[in-house]
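Structure, as C-alpha cells:
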Amino acid sequence: MTLDPVLDRIDADLDAATDRLLELLRIPSISTDPAYAVECQKAADWLVNDLKSIGFQADKRQTPGHPMVVAHAPGPEGAPHLMFYGHYDVQPVDPLDLWDSPPFEPAVEDTPAGKVIRGRGSSDDKGQLMTFVEACRAWIAVHGTLPARISLFFEGEEESGSPSLIPFMEENREELTSDIALICDTGLFESKTPAIITQLRGMSCEDFTITGPDRDLHSGMYGGIAMNPIRVLTRALADLHDDTGRITLPGFYDGVEELSDDMRAQWQGLNFDHAAFLGDVGLKDPAGEQDRMPIEMLWSRPTCDVNGIWGGYTGDGFKTVLPSKASAKVSFRLVGKQDPDAIRKTFRAYLEDRLPDGFTIEYRTEKGSPAAQVSTDNPMFEQARKALTDEWGIPAAFAGCGGSIPIAGYFKDILGVDAMLIGFGKDDDNIHSPNEKYDLESFHKGIRSWARILAELS
C-alpha cells in the first residue's frame, strides 16, 4: 500500500476533517462536573458512530464514571498491532468572562500567526485525538483497509483523575494489549520541532495543616512568647532547597538517573533558549540545580514546589493575630526510579522533625505516581522519528516532558506495552485556560504525520 495517495487524500479532505472536529468540539464533555455527564455520553456516542462509519468495530463501554470507547480494525496478516489512546473529555471553562468567544461554539479563526481552531478541547485532546482518526479515515478511503491492525482506546475521565481507567485496563487486559501504544497528548518542542516523548515525570503531592495554639491569639498579648504556626511552616518550606537549587530531603535523589550520552547530545542539539522561555513569563534566571542544563531542569531532574500557602487573616486591613493553623500544598515532580511513597514518608518525617512541642500536623493527600521512561531500543521509535522528520522537514527529537501523563506508565505496568507519545500542540495553545486553540497547521500536519507513521511502522 502506497503512502502518497493517502497524503493527497488528507490534503483534499482537510475542510471536511475540520468540520468533523468542530462538530465534536461543540459537545461540552466536561468530565469533572456531574452536570455534564449526559454530554460525556454524547461525545462517546459521537466517536462510536464516526468510527463505525469508516469501518471500525466500535462500541461504548460503560464504567462507574464516564464511558470508554474501544474500537478495532484488522490489518494485513503479519502486520503489527498498534493501539492509539486519547481522551474525549475536556477541562471546565471557568473563568468564562475571559473567553473572547463561547468555548463550545468553536470556529476557525485567522490570527497573525495563521489559522487556528478555537474552542475548549481543540488542543487537549479532541483535536489531537482526531488527527489519528483522520489518518485512519484517509488510509481506508484510499486502500480500503489499514496498513496495520489498529485498536483505539478513548477515555472520558482523563481531566478528572481517571478513576475508572486502571480497573478497566485490568479487566480488559487481553483486548487492550498490543505491540506498542501511541498517545497524542503532547506537543512540538518550542512550537516547531516534532518530538517523541520518552521521559515523563511522576508526581507526589502533600496538602497539610500545622496546628499550634488551640485558637487564634492576640499578637499584643502573645506575640514574642507564643510560637506562630506560619513561622514554623515557612521555615520548613524555605529549608527544602539549598542555595544551589538542590533539594535537601534525605535520600531524595535516590533513583534519579543520569542522561545517556546520546540523549544529552540530542537535547543539546535542540538549542533550548531558556532566557526566552523564562522571559515570556517575566522571569530571568533558572532556579533549579545550578550544575544542570536548563533543559535538564525541565525534563530529567526532580522538583519540589510550594503550590499554595495560607494561614491567619488575609482580608483587607489588619487583624493582628497569631493564627492557630497554617497550611500548604507541596508537590514533587519525580524522575527515573524515584518512589512516590518513599518521598512522601521522607517529607512527612522532615516536617514532623521541625514541629515544636505541642504542635500537630494533619495530612490530606492523594496517591502519587512514578515517573515513566521508555526505552528507544524498539526500532519502531526510530521509524516514527523518521516519519516525523519527513513530514516537518526538521529532525525530530526524543524529548522529555516536565508534566505527568500517567497513562503512559499504566500501559507498561498493566499491559506490558511501551508507549510512544507524539503530539502537535504548541506552547501557546492555552490548554486548561480561556481561549484554547489548536493551529490548523498542527491539525493538518498531525494527520499527515500519523499517516506517515502508520506507513513506517507497518
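FYI, nothing fancy with the C-alpha cells labels: chains A, B, ... in order, residues from 1 per chain, ligands from 1 as they appear.
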
Exercise. Among region 294-422 of chain A, which ones does DSSP place in helix (DSSP H, G or I), written as a PyMOL selection string?
Worked result: chain A and resi 294-299+340-353+379-392+406-415

Problem set entry | Test item, strand (DSSP E or B) assignment across region 91-228 of chain A, answer as a PyMOL selection string | chain A and resi 107-111+114-118+149-155+180-183+187+189+193+195-200+202-211+217-218+223+226

Can you pull out the residues contacting Gly187 (chain A)? Cut-off 12 Å, using only C-alpha atoms, and skip same-chain residues under 5 positions away; I want them as an mmCIF file with C-alpha atoms, in the first residue's frame.
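Listing of result-v1.cif after writing:
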data_model
loop_
_atom_site.group_PDB
_atom_site.id
_atom_site.type_symbol
_atom_site.label_atom_id
_atom_site.label_comp_id
_atom_site.auth_asym_id
_atom_site.auth_seq_id
_atom_site.Cartn_x
_atom_site.Cartn_y
_atom_site.Cartn_z
ATOM 1 C CA SER A 123 -5.800 21.027 21.565
ATOM 2 C CA ASP A 124 -6.431 18.980 24.713
ATOM 3 C CA ASP A 125 -7.324 16.458 23.468
ATOM 4 C CA GLY A 127 -8.032 17.908 18.100
ATOM 5 C CA GLN A 128 -5.059 15.660 18.807
ATOM 6 C CA LYS A 192 8.219 23.952 15.865
ATOM 7 C CA THR A 193 10.246 20.739 16.331
ATOM 8 C CA PRO A 194 8.418 17.381 16.218
ATOM 9 C CA ALA A 195 9.185 15.254 19.243
ATOM 10 C CA ILE A 196 8.638 11.786 20.631
ATOM 11 C CA ILE A 197 8.370 11.992 24.406
ATOM 12 C CA ALA A 397 13.869 14.571 18.668
ATOM 13 C CA ALA A 399 12.437 14.547 24.216
ATOM 14 C CA GLY A 400 11.413 14.686 27.829
ATOM 15 C CA CYS A 401 8.299 16.206 29.321
ATOM 16 C CA GLY A 402 8.101 18.144 32.560
ATOM 17 C CA GLY A 403 4.497 17.138 33.164
ATOM 18 C CA LEU A 421 3.945 9.899 22.929
ATOM 19 C CA ILE A 422 3.684 12.114 19.866
ATOM 20 C CA GLY A 423 1.722 15.357 19.816
ATOM 21 C CA PHE A 424 1.361 18.505 17.760
ATOM 22 C CA GLY A 425 0.248 21.099 20.315
ATOM 23 C CA LYS A 426 2.052 24.411 20.674
ATOM 24 C CA ASP A 427 3.173 26.285 23.766
ATOM 25 C CA ASP A 428 0.564 28.995 23.228
ATOM 26 C CA ASP A 429 -2.441 26.671 22.815
ATOM 27 C CA ILE A 431 -4.816 24.290 27.264
ATOM 28 C CA TYR A 438 -5.173 24.335 18.027
ATOM 29 C CA ASP A 439 -3.297 25.591 14.973
ATOM 30 C CA SER A 442 -0.922 21.300 13.693
ATOM 31 C CA PHE A 443 -4.184 19.546 12.836
ATOM 32 C CA GLY A 446 -0.635 15.979 12.568
#

For this session: Identify, on the basis of only C-alpha atoms, every residue whose closest approach to region 273-281 of chain A does not exceed 10 Å; exclude the query and any residue fewer than 2 positions from it along the same chain; express the result as an MDAnalysis selection string.
Result: chainID A and resid 190 270:271 283:286 293:295

Would you write out those residues with C-alpha atoms, as a PDB file, in the first residue's frame?
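As a result, result33.pdb now contains:
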ATOM      1  CA  GLU A 190       9.341  25.173  21.179  1.00  0.00           C
ATOM      2  CA  LEU A 270      17.819  21.429  20.361  1.00  0.00           C
ATOM      3  CA  ASN A 271      19.473  24.717  21.405  1.00  0.00           C
ATOM      4  CA  LEU A 283      11.478  35.805  34.682  1.00  0.00           C
ATOM      5  CA  LYS A 284      15.207  35.711  34.061  1.00  0.00           C
ATOM      6  CA  ASP A 285      17.396  33.168  35.879  1.00  0.00           C
ATOM      7  CA  PRO A 286      16.852  29.381  36.161  1.00  0.00           C
ATOM      8  CA  MET A 293      21.444  22.344  31.738  1.00  0.00           C
ATOM      9  CA  PRO A 294      18.181  24.309  31.862  1.00  0.00           C
ATOM     10  CA  ILE A 295      16.531  21.700  29.639  1.00  0.00           C
TER      11      ILE A 295
END

Exercise. What is the CA of Leu322 (chain A) to CA of Ile210 (chain A) distance in Å?
Worked result: 13.1 Å

Seminar exercise, completed: Of A:Lys319, A:Arg149, A:Arg301, A:Arg201, the one nearest to Gly245 (chain A) when counting only C-alpha atoms is A:Arg301

For this session: Check the smallest atom-to-atom distance from each of A:Ser53, A:Thr314, A:Ser178, A:Ser122 to Ile140 (chain A) using only C-alpha atoms, then report the winner.
Result: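 Among A:Ser53, A:Thr314, A:Ser178, A:Ser122, it is A:Ser53 that comes nearest to Ile140 (chain A).
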
Problem set entry | Gap from CA of Pro370 (chain A) to CA of Met263 (chain A) - Å, one decimal |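 Between these atoms lies a distance of 20.9 Å.
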
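Residue nearest Leu176 (chain A) within the list A:His81, A:Gln91, A:Gly212, A:Gln41: A:His81 [criterion: smallest interatomic distance, only C-alpha atoms].
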
Exercise. Using only C-alpha atoms, which of A:Ser327, A:Ser204, A:Ser219, A:Ser458 sits nearest Ala342 (chain A)?
Worked result: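 Result for the nearest residue to Ala342 (chain A): A:Ser204.
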
Problem set entry | Best match for closeness to Cys136 (chain A) among A:Phe56, A:Phe168, A:Tyr36, A:Phe104, counting only C-alpha atoms |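 Smallest distance to Cys136 (chain A) is found for A:Phe56.
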
Problem set entry | Gap from CA of Val69 (chain A) to CA of Tyr85 (chain A) - Å, one decimal |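 Distance between the two atoms: 9.9 Å.
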
Exercise. Of the candidates A:Arg333, A:Val108, A:Val374, A:Ile183, which shows the shortest atom-to-atom distance to Gly416 (chain A), using only C-alpha atoms?
Worked result: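 Ranking A:Arg333, A:Val108, A:Val374, A:Ile183 by distance to Gly416 (chain A), first place goes to A:Val374.
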
For this session: Excluding Asp45 (chain A) and any residue of its chain fewer than 6 positions from it, enumerate the residues within 10 Å of it, using only C-alpha atoms, and give them as a ChimeraX atom specification.
Result: /A:39,51,58-60,67,69

Excluding Leu21 (chain A) and its own-chain neighbours fewer than 2 positions away, which residues fall within 12 Å of it when counting only C-alpha atoms? Please give them as a PDB file with C-alpha atoms, in the first residue's frame.
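The result, written out as around.pdb:
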ATOM      1  CA  LEU A  14      -8.949  18.934   5.239  1.00  0.00           C
ATOM      2  CA  ASP A  15     -12.072  21.113   5.214  1.00  0.00           C
ATOM      3  CA  ALA A  16     -14.327  18.133   5.887  1.00  0.00           C
ATOM      4  CA  ALA A  17     -11.967  16.862   8.608  1.00  0.00           C
ATOM      5  CA  THR A  18     -12.030  20.296  10.250  1.00  0.00           C
ATOM      6  CA  ASP A  19     -15.850  20.320  10.160  1.00  0.00           C
ATOM      7  CA  GLU A  23     -18.808  19.062  15.495  1.00  0.00           C
ATOM      8  CA  LEU A  24     -17.079  17.074  18.246  1.00  0.00           C
ATOM      9  CA  LEU A  25     -15.871  20.272  19.923  1.00  0.00           C
ATOM     10  CA  ARG A  26     -19.457  21.514  20.232  1.00  0.00           C
ATOM     11  CA  ILE A  27     -20.177  18.759  22.759  1.00  0.00           C
ATOM     12  CA  ALA A  43     -19.243  12.617  22.987  1.00  0.00           C
ATOM     13  CA  TRP A  46     -20.355  10.613  18.511  1.00  0.00           C
ATOM     14  CA  LEU A  47     -16.989   8.866  18.380  1.00  0.00           C
ATOM     15  CA  ASP A  50     -17.910   8.181  13.429  1.00  0.00           C
ATOM     16  CA  TYR A  88     -12.553  12.998  24.698  1.00  0.00           C
ATOM     17  CA  PHE A 104     -18.356  25.401  22.909  1.00  0.00           C
ATOM     18  CA  GLU A 105     -19.081  27.366  19.739  1.00  0.00           C
ATOM     19  CA  PRO A 106     -15.790  26.501  18.010  1.00  0.00           C
ATOM     20  CA  ALA A 107     -14.642  28.170  14.831  1.00  0.00           C
ATOM     21  CA  VAL A 108     -11.629  28.544  12.576  1.00  0.00           C
ATOM     22  CA  ILE A 117      -9.243  26.181  15.600  1.00  0.00           C
ATOM     23  CA  ARG A 118     -10.644  27.959  18.657  1.00  0.00           C
ATOM     24  CA  GLY A 119     -12.661  26.178  21.367  1.00  0.00           C
ATOM     25  CA  ARG A 120     -12.412  24.105  24.517  1.00  0.00           C
ATOM     26  CA  GLY A 121     -10.780  20.754  23.775  1.00  0.00           C
ATOM     27  CA  SER A 122      -9.347  21.847  20.427  1.00  0.00           C
ATOM     28  CA  SER A 123      -5.800  21.027  21.565  1.00  0.00           C
ATOM     29  CA  ASP A 125      -7.324  16.458  23.468  1.00  0.00           C
ATOM     30  CA  LYS A 126     -10.077  16.278  20.845  1.00  0.00           C
ATOM     31  CA  GLY A 127      -8.032  17.908  18.100  1.00  0.00           C
ATOM     32  CA  GLN A 128      -5.059  15.660  18.807  1.00  0.00           C
ATOM     33  CA  LEU A 129      -7.271  12.560  19.041  1.00  0.00           C
ATOM     34  CA  MET A 130      -8.893  13.313  15.696  1.00  0.00           C
ATOM     35  CA  THR A 131      -5.523  13.622  13.919  1.00  0.00           C
ATOM     36  CA  PHE A 132      -5.153   9.866  14.264  1.00  0.00           C
ATOM     37  CA  VAL A 133      -8.772   9.103  13.378  1.00  0.00           C
ATOM     38  CA  GLU A 134      -8.475  11.228  10.226  1.00  0.00           C
ATOM     39  CA  TYR A 438      -5.173  24.335  18.027  1.00  0.00           C
ATOM     40  CA  LEU A 440      -4.852  24.412  11.728  1.00  0.00           C
ATOM     41  CA  PHE A 443      -4.184  19.546  12.836  1.00  0.00           C
ATOM     42  CA  HIS A 444      -3.307  19.144   9.147  1.00  0.00           C
TER      43      HIS A 444
END

Problem set entry | Neighbour list for Ser449 (chain A) as a list in words, cut-off 8 Å, only C-alpha atoms, skip fewer than 6 positions in-chain |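 What passes the distance filter is Ala387, Leu388 and Glu391 of chain A.
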
Produce a table with one row for each residue of region 212-266 of chain A that has an atom at most 10 Å from any atom of region 346-361 of chain A, each row naming the nearest atom pair and its distance in Å at one decimal; use only C-alpha atoms; arrange rows by chain and rising residue number; format as CSV.
residue,atom,partner,partner_atom,distance
A:Gly212,CA,A:Phe359,CA,4.6
A:Pro213,CA,A:Phe359,CA,7.7
A:Asp214,CA,A:Phe359,CA,9.7
A:Met227,CA,A:Pro356,CA,8.2
A:Pro229,CA,A:Phe359,CA,8.3
A:Val232,CA,A:Leu355,CA,7.1
A:Leu233,CA,A:Leu351,CA,8.5
A:Arg235,CA,A:Arg354,CA,8.9
A:Ala236,CA,A:Leu351,CA,6.7
A:Leu237,CA,A:Leu351,CA,8.9
A:Leu240,CA,A:Tyr350,CA,9.3
A:Thr248,CA,A:Tyr350,CA,9.8
A:Leu249,CA,A:Phe347,CA,6.9
A:Pro250,CA,A:Thr346,CA,7.2
A:Gly251,CA,A:Thr346,CA,8.1
A:Phe252,CA,A:Thr346,CA,8.0
